[in-house]
Amino acid sequence: MNAPLPIEMTEGGIDIFSIDDDILMPSQNIEYGYWIWKKHPTQLVGFLARYLGIQKANVSGQRDILKYEVPGSFKKIRLILTGVAFIGRELALAYYSPDNKLNLNLVQTMNNCEDVLMNFVAMNKTNLSAVFVLKPFNHIGKNGLSQKTRNKHFGNRTICVNKFYESFRRYPPIIPNDCIYISKNS
C-alpha cells in the first residue's frame, strides 16, 4: 500500500494493482489475476496468502488468540498480502477512512502490517472473504528472511492481527474453494 499503481480508471475513480518493488511477475499472470478480480471487484484479490492460527478462548467473554502464519495448504487461508494484489477503490477509501485512524497509526508505528489491516478492512466493508490466485512470480535479489528476522516479523504481525481483531471484533473468514483460483499452468 506504500506505492499502489492505478490499473483502471473508472467513473468513480481509480482501482489499484499493488505490487512490491522486489517482485517480478509475467504480464500474463497479472492479466489472469485482473480477470479474476473483474469477477470479484469488491473483494481483495491477490497472489500471496497467509493463515491465522486461532487458539480459541477457554472462558466466555475472552477473545481468541490469533497467530500470523505461512500457509501449508489451501484449507485455512484467511489473509491475502498486498505485495501483489488488486484493490478496488471502495476498499482503498475504507482503508484510509478517518474511522480507521487508530489501526493506521499502529501500521505506521510498527512500520508493518498494512496488508494485514487491508484484509480486516475488506472483511468489514464487504462481509466477504478475500480471493487467492495461485500464479508464479519471483522475488528479486532476496533469499528470504533469516530465522531471527522472520521470527521478529511474524511476531510483529501477530501483534497486529490481535490488535485488528480487537478493533474489528472478528477476523477474516477462511477463503472458500470458490474464491481460490489455481491455474492449470502455475
# chains A, B, ... in the order shown; residues from 1 in each chain; ligands from 1

$ select_by_dssp --residues "region 38-182 of chain A" --states "strand (DSSP E or B)" --output "VMD selection string"
chain A and resid 45 to 55 65 to 69 77 to 87 131 to 134 138 to 139 180 to 182

$ write_last_selection --atoms "C-alpha atoms" --output "mmCIF file, in the first residue's frame"
data_model
loop_
_atom_site.group_PDB
_atom_site.id
_atom_site.type_symbol
_atom_site.label_atom_id
_atom_site.label_comp_id
_atom_site.auth_asym_id
_atom_site.auth_seq_id
_atom_site.Cartn_x
_atom_site.Cartn_y
_atom_site.Cartn_z
ATOM 1 C CA VAL A 45 -7.718 -10.313 -4.802
ATOM 2 C CA GLY A 46 -4.078 -11.352 -4.508
ATOM 3 C CA PHE A 47 -1.285 -13.823 -5.127
ATOM 4 C CA LEU A 48 0.271 -14.147 -1.635
ATOM 5 C CA ALA A 49 -1.634 -15.997 1.092
ATOM 6 C CA ARG A 50 -1.263 -16.350 4.858
ATOM 7 C CA TYR A 51 -3.027 -18.142 7.713
ATOM 8 C CA LEU A 52 -4.298 -17.041 11.045
ATOM 9 C CA GLY A 53 -3.694 -19.702 13.639
ATOM 10 C CA ILE A 54 -6.515 -19.474 16.181
ATOM 11 C CA GLN A 55 -6.352 -20.521 19.814
ATOM 12 C CA ILE A 65 -5.727 -15.529 20.388
ATOM 13 C CA LEU A 66 -4.535 -15.224 16.791
ATOM 14 C CA LYS A 67 -1.142 -16.090 15.327
ATOM 15 C CA TYR A 68 0.165 -14.983 11.921
ATOM 16 C CA GLU A 69 1.421 -17.991 9.903
ATOM 17 C CA ILE A 77 -6.062 -19.322 4.118
ATOM 18 C CA ARG A 78 -7.559 -16.159 5.629
ATOM 19 C CA LEU A 79 -5.223 -13.358 4.532
ATOM 20 C CA ILE A 80 -4.043 -12.021 1.180
ATOM 21 C CA LEU A 81 -0.906 -9.891 1.229
ATOM 22 C CA THR A 82 -0.938 -6.691 -0.805
ATOM 23 C CA GLY A 83 2.565 -7.334 -2.197
ATOM 24 C CA VAL A 84 0.798 -8.500 -5.366
ATOM 25 C CA ALA A 85 -2.911 -7.655 -5.222
ATOM 26 C CA PHE A 86 -5.873 -5.938 -6.836
ATOM 27 C CA ILE A 87 -7.713 -3.460 -4.617
ATOM 28 C CA VAL A 131 -9.742 -14.138 -3.174
ATOM 29 C CA PHE A 132 -6.495 -16.070 -3.719
ATOM 30 C CA VAL A 133 -4.892 -16.521 -7.152
ATOM 31 C CA LEU A 134 -2.075 -19.046 -7.484
ATOM 32 C CA ASN A 138 9.825 -14.083 -8.411
ATOM 33 C CA HIS A 139 11.344 -12.046 -5.595
ATOM 34 C CA ILE A 180 -9.274 -19.906 -4.738
ATOM 35 C CA TYR A 181 -8.037 -19.916 -8.333
ATOM 36 C CA ILE A 182 -5.325 -22.380 -9.219
#

$ closest_residue --among "A:Gly88, A:Pro136, A:Pro98, A:Gly61" --to "Lys38 (chain A)" --atoms "only C-alpha atoms"
A:Gly88

$ closest_residue --among "A:Ile174, A:Ala130, A:Ile30, A:Ala57" --to "Asp115 (chain A)" --atoms "only C-alpha atoms"
A:Ala130

$ residues_around --residues "Asn103 (chain A)" --least-positions-apart "5" --cutoff "9 Å" --atoms "only C-alpha atoms" --output "VMD selection string"
chain A and resid 108 117 160 163 to 164 167

$ closest_residue --among "A:Val59, A:Leu44, A:Val107, A:Val121" --to "Ala94 (chain A)" --atoms "only C-alpha atoms"
A:Val121

$ select_by_dssp --residues "region 4-161 of chain A" --states "helix (DSSP H, G or I)" --output "PyMOL selection string"
chain A and resi 27-39+89-95+98-110+114-126+147-161

$ residues_around --residues "Pro172 (chain A)" --least-positions-apart "4" --cutoff "7 Å" --atoms "only C-alpha atoms" --output "PyMOL selection string"
chain A and resi 78+119-120+123+129

$ write_last_selection --atoms "all heavy atoms" --output "PDB file, in the first residue's frame"
ATOM      1  N   ARG A  78      -6.668 -17.243   5.208  1.00  0.00           N
ATOM      2  CA  ARG A  78      -7.559 -16.159   5.629  1.00  0.00           C
ATOM      3  C   ARG A  78      -7.080 -14.797   5.150  1.00  0.00           C
ATOM      4  O   ARG A  78      -7.864 -13.859   5.106  1.00  0.00           O
ATOM      5  CB  ARG A  78      -7.670 -16.110   7.158  1.00  0.00           C
ATOM      6  CG  ARG A  78      -8.420 -17.274   7.741  1.00  0.00           C
ATOM      7  CD  ARG A  78      -8.507 -17.127   9.260  1.00  0.00           C
ATOM      8  NE  ARG A  78      -9.125 -18.279   9.863  1.00  0.00           N
ATOM      9  CZ  ARG A  78     -10.429 -18.388  10.109  1.00  0.00           C
ATOM     10  NH1 ARG A  78     -11.242 -17.419   9.812  1.00  0.00           N
ATOM     11  NH2 ARG A  78     -10.907 -19.478  10.666  1.00  0.00           N
ATOM     12  N   ASN A 119      -6.913  -6.667   4.899  1.00  0.00           N
ATOM     13  CA  ASN A 119      -7.807  -7.826   4.983  1.00  0.00           C
ATOM     14  C   ASN A 119      -8.941  -7.589   5.972  1.00  0.00           C
ATOM     15  O   ASN A 119     -10.084  -7.939   5.703  1.00  0.00           O
ATOM     16  CB  ASN A 119      -7.022  -9.071   5.381  1.00  0.00           C
ATOM     17  CG  ASN A 119      -6.244  -9.649   4.237  1.00  0.00           C
ATOM     18  OD1 ASN A 119      -6.718 -10.518   3.526  1.00  0.00           O
ATOM     19  ND2 ASN A 119      -5.034  -9.138   4.023  1.00  0.00           N
ATOM     20  N   PHE A 120      -8.640  -6.998   7.107  1.00  0.00           N
ATOM     21  CA  PHE A 120      -9.679  -6.702   8.091  1.00  0.00           C
ATOM     22  C   PHE A 120     -10.639  -5.638   7.554  1.00  0.00           C
ATOM     23  O   PHE A 120     -11.849  -5.751   7.723  1.00  0.00           O
ATOM     24  CB  PHE A 120      -9.053  -6.266   9.421  1.00  0.00           C
ATOM     25  CG  PHE A 120      -8.554  -7.407  10.258  1.00  0.00           C
ATOM     26  CD1 PHE A 120      -7.299  -7.951  10.046  1.00  0.00           C
ATOM     27  CD2 PHE A 120      -9.336  -7.933  11.272  1.00  0.00           C
ATOM     28  CE1 PHE A 120      -6.835  -9.007  10.820  1.00  0.00           C
ATOM     29  CE2 PHE A 120      -8.885  -8.993  12.056  1.00  0.00           C
ATOM     30  CZ  PHE A 120      -7.628  -9.527  11.829  1.00  0.00           C
ATOM     31  N   MET A 123     -12.846  -7.299   4.884  1.00  0.00           N
ATOM     32  CA  MET A 123     -13.846  -8.149   5.521  1.00  0.00           C
ATOM     33  C   MET A 123     -14.955  -7.289   6.117  1.00  0.00           C
ATOM     34  O   MET A 123     -16.135  -7.576   5.961  1.00  0.00           O
ATOM     35  CB  MET A 123     -13.183  -8.987   6.612  1.00  0.00           C
ATOM     36  CG  MET A 123     -14.150  -9.658   7.560  1.00  0.00           C
ATOM     37  SD  MET A 123     -13.533  -9.865   9.259  1.00  0.00           S
ATOM     38  CE  MET A 123     -13.143  -8.215   9.786  1.00  0.00           C
ATOM     39  N   SER A 129     -14.914 -12.991   2.055  1.00  0.00           N
ATOM     40  CA  SER A 129     -13.505 -13.370   2.167  1.00  0.00           C
ATOM     41  C   SER A 129     -12.717 -12.661   1.079  1.00  0.00           C
ATOM     42  O   SER A 129     -13.280 -12.083   0.148  1.00  0.00           O
ATOM     43  CB  SER A 129     -13.352 -14.884   1.995  1.00  0.00           C
ATOM     44  OG  SER A 129     -13.557 -15.231   0.633  1.00  0.00           O
TER      45      SER A 129
END

$ atom_distance --atom1 "CA of Asn124 (chain A)" --atom2 "CA of Arg170 (chain A)"
8.7 Å

$ closest_residue --among "A:Pro26, A:Phe168, A:Asp15, A:Asp20" --to "Asp99 (chain A)" --atoms "only C-alpha atoms"
A:Phe168

$ decode --residues "region 131-178 of chain A" --atoms "N, CA and C atoms" --output "short mmCIF file (atom, residue, chain, number, x, y, z; two decimals), in the first residue's frame"
data_model
loop_
_atom_site.label_atom_id
_atom_site.label_comp_id
_atom_site.auth_asym_id
_atom_site.auth_seq_id
_atom_site.Cartn_x
_atom_site.Cartn_y
_atom_site.Cartn_z
N VAL A 131 -9.84 -13.18 -2.08
CA VAL A 131 -9.74 -14.14 -3.17
C VAL A 131 -8.26 -14.40 -3.42
N PHE A 132 -7.89 -15.69 -3.51
CA PHE A 132 -6.49 -16.07 -3.72
C PHE A 132 -6.30 -16.59 -5.14
N VAL A 133 -5.26 -16.10 -5.80
CA VAL A 133 -4.89 -16.52 -7.15
C VAL A 133 -3.50 -17.14 -7.08
N LEU A 134 -3.38 -18.39 -7.49
CA LEU A 134 -2.08 -19.05 -7.48
C LEU A 134 -1.46 -18.94 -8.87
N LYS A 135 -0.48 -18.05 -8.99
CA LYS A 135 0.30 -17.87 -10.22
C LYS A 135 1.72 -17.56 -9.79
N PRO A 136 2.72 -18.02 -10.54
CA PRO A 136 4.11 -17.81 -10.13
C PRO A 136 4.59 -16.37 -10.32
N PHE A 137 5.53 -16.00 -9.46
CA PHE A 137 6.25 -14.73 -9.55
C PHE A 137 7.59 -14.94 -8.85
N ASN A 138 8.51 -13.98 -9.03
CA ASN A 138 9.82 -14.08 -8.41
C ASN A 138 10.10 -12.88 -7.53
N HIS A 139 10.80 -13.13 -6.41
CA HIS A 139 11.34 -12.05 -5.60
C HIS A 139 12.73 -11.73 -6.16
N ILE A 140 12.99 -10.48 -6.40
CA ILE A 140 14.26 -10.07 -6.99
C ILE A 140 15.30 -9.84 -5.89
N GLY A 141 16.43 -10.53 -6.01
CA GLY A 141 17.55 -10.28 -5.12
C GLY A 141 17.32 -10.63 -3.67
N LYS A 142 16.41 -11.54 -3.38
CA LYS A 142 16.17 -11.92 -1.98
C LYS A 142 16.32 -13.42 -1.83
N ASN A 143 16.90 -13.81 -0.73
CA ASN A 143 17.00 -15.23 -0.38
C ASN A 143 16.09 -15.56 0.78
N GLY A 144 15.15 -14.68 1.09
CA GLY A 144 14.25 -14.91 2.21
C GLY A 144 14.77 -14.25 3.47
N LEU A 145 13.99 -14.33 4.53
CA LEU A 145 14.35 -13.73 5.81
C LEU A 145 15.17 -14.71 6.63
N SER A 146 16.14 -14.20 7.38
CA SER A 146 16.85 -15.05 8.32
C SER A 146 15.84 -15.51 9.38
N GLN A 147 16.16 -16.57 10.10
CA GLN A 147 15.23 -17.08 11.10
C GLN A 147 14.94 -16.04 12.17
N LYS A 148 15.96 -15.30 12.60
CA LYS A 148 15.78 -14.26 13.62
C LYS A 148 14.86 -13.15 13.10
N THR A 149 15.11 -12.70 11.87
CA THR A 149 14.30 -11.64 11.26
C THR A 149 12.88 -12.14 11.02
N ARG A 150 12.76 -13.36 10.56
CA ARG A 150 11.44 -13.95 10.32
C ARG A 150 10.63 -14.03 11.61
N ASN A 151 11.26 -14.47 12.70
CA ASN A 151 10.56 -14.57 13.98
C ASN A 151 10.06 -13.20 14.44
N LYS A 152 10.91 -12.19 14.30
CA LYS A 152 10.51 -10.84 14.69
C LYS A 152 9.37 -10.34 13.80
N HIS A 153 9.50 -10.55 12.50
CA HIS A 153 8.48 -10.12 11.54
C HIS A 153 7.13 -10.79 11.84
N PHE A 154 7.15 -12.10 12.03
CA PHE A 154 5.91 -12.82 12.32
C PHE A 154 5.36 -12.43 13.70
N GLY A 155 6.26 -12.16 14.66
CA GLY A 155 5.83 -11.70 15.97
C GLY A 155 5.11 -10.35 15.88
N ASN A 156 5.68 -9.43 15.10
CA ASN A 156 5.03 -8.12 14.90
C ASN A 156 3.67 -8.28 14.23
N ARG A 157 3.61 -9.14 13.25
CA ARG A 157 2.34 -9.34 12.55
C ARG A 157 1.31 -10.03 13.45
N THR A 158 1.76 -10.88 14.34
CA THR A 158 0.85 -11.50 15.31
C THR A 158 0.27 -10.43 16.23
N ILE A 159 1.10 -9.48 16.65
CA ILE A 159 0.60 -8.36 17.45
C ILE A 159 -0.47 -7.61 16.66
N CYS A 160 -0.19 -7.33 15.41
CA CYS A 160 -1.14 -6.59 14.56
C CYS A 160 -2.47 -7.34 14.41
N VAL A 161 -2.43 -8.63 14.08
CA VAL A 161 -3.69 -9.34 13.86
C VAL A 161 -4.55 -9.34 15.12
N ASN A 162 -3.91 -9.42 16.28
CA ASN A 162 -4.68 -9.39 17.53
C ASN A 162 -5.24 -8.01 17.81
N LYS A 163 -4.49 -6.96 17.51
CA LYS A 163 -4.99 -5.59 17.67
C LYS A 163 -6.15 -5.32 16.71
N PHE A 164 -6.01 -5.78 15.46
CA PHE A 164 -7.07 -5.57 14.48
C PHE A 164 -8.31 -6.39 14.84
N TYR A 165 -8.10 -7.60 15.36
CA TYR A 165 -9.21 -8.42 15.83
C TYR A 165 -9.95 -7.71 16.96
N GLU A 166 -9.20 -7.11 17.86
CA GLU A 166 -9.80 -6.35 18.96
C GLU A 166 -10.61 -5.16 18.40
N SER A 167 -10.06 -4.50 17.39
CA SER A 167 -10.71 -3.33 16.80
C SER A 167 -11.97 -3.69 16.01
N PHE A 168 -11.88 -4.72 15.18
CA PHE A 168 -12.99 -5.09 14.29
C PHE A 168 -13.94 -6.11 14.93
N ARG A 169 -13.51 -6.73 16.03
CA ARG A 169 -14.29 -7.71 16.80
C ARG A 169 -14.60 -9.01 16.02
N ARG A 170 -13.87 -9.24 14.99
CA ARG A 170 -13.94 -10.51 14.25
C ARG A 170 -12.69 -10.59 13.37
N TYR A 171 -12.45 -11.76 12.81
CA TYR A 171 -11.28 -11.92 11.95
C TYR A 171 -11.73 -12.43 10.59
N PRO A 172 -10.87 -12.21 9.56
CA PRO A 172 -11.27 -12.61 8.21
C PRO A 172 -11.60 -14.10 8.13
N PRO A 173 -12.62 -14.45 7.34
CA PRO A 173 -13.02 -15.85 7.21
C PRO A 173 -12.02 -16.63 6.36
N ILE A 174 -12.07 -17.96 6.51
CA ILE A 174 -11.29 -18.82 5.63
C ILE A 174 -11.78 -18.59 4.20
N ILE A 175 -10.83 -18.50 3.28
CA ILE A 175 -11.20 -18.29 1.87
C ILE A 175 -11.81 -19.59 1.34
N PRO A 176 -13.06 -19.53 0.86
CA PRO A 176 -13.71 -20.76 0.37
C PRO A 176 -13.13 -21.20 -0.97
N ASN A 177 -13.35 -22.47 -1.30
CA ASN A 177 -12.81 -23.04 -2.54
C ASN A 177 -13.21 -22.25 -3.78
N ASP A 178 -14.41 -21.67 -3.79
CA ASP A 178 -14.83 -20.93 -4.99
C ASP A 178 -14.16 -19.56 -5.09
#
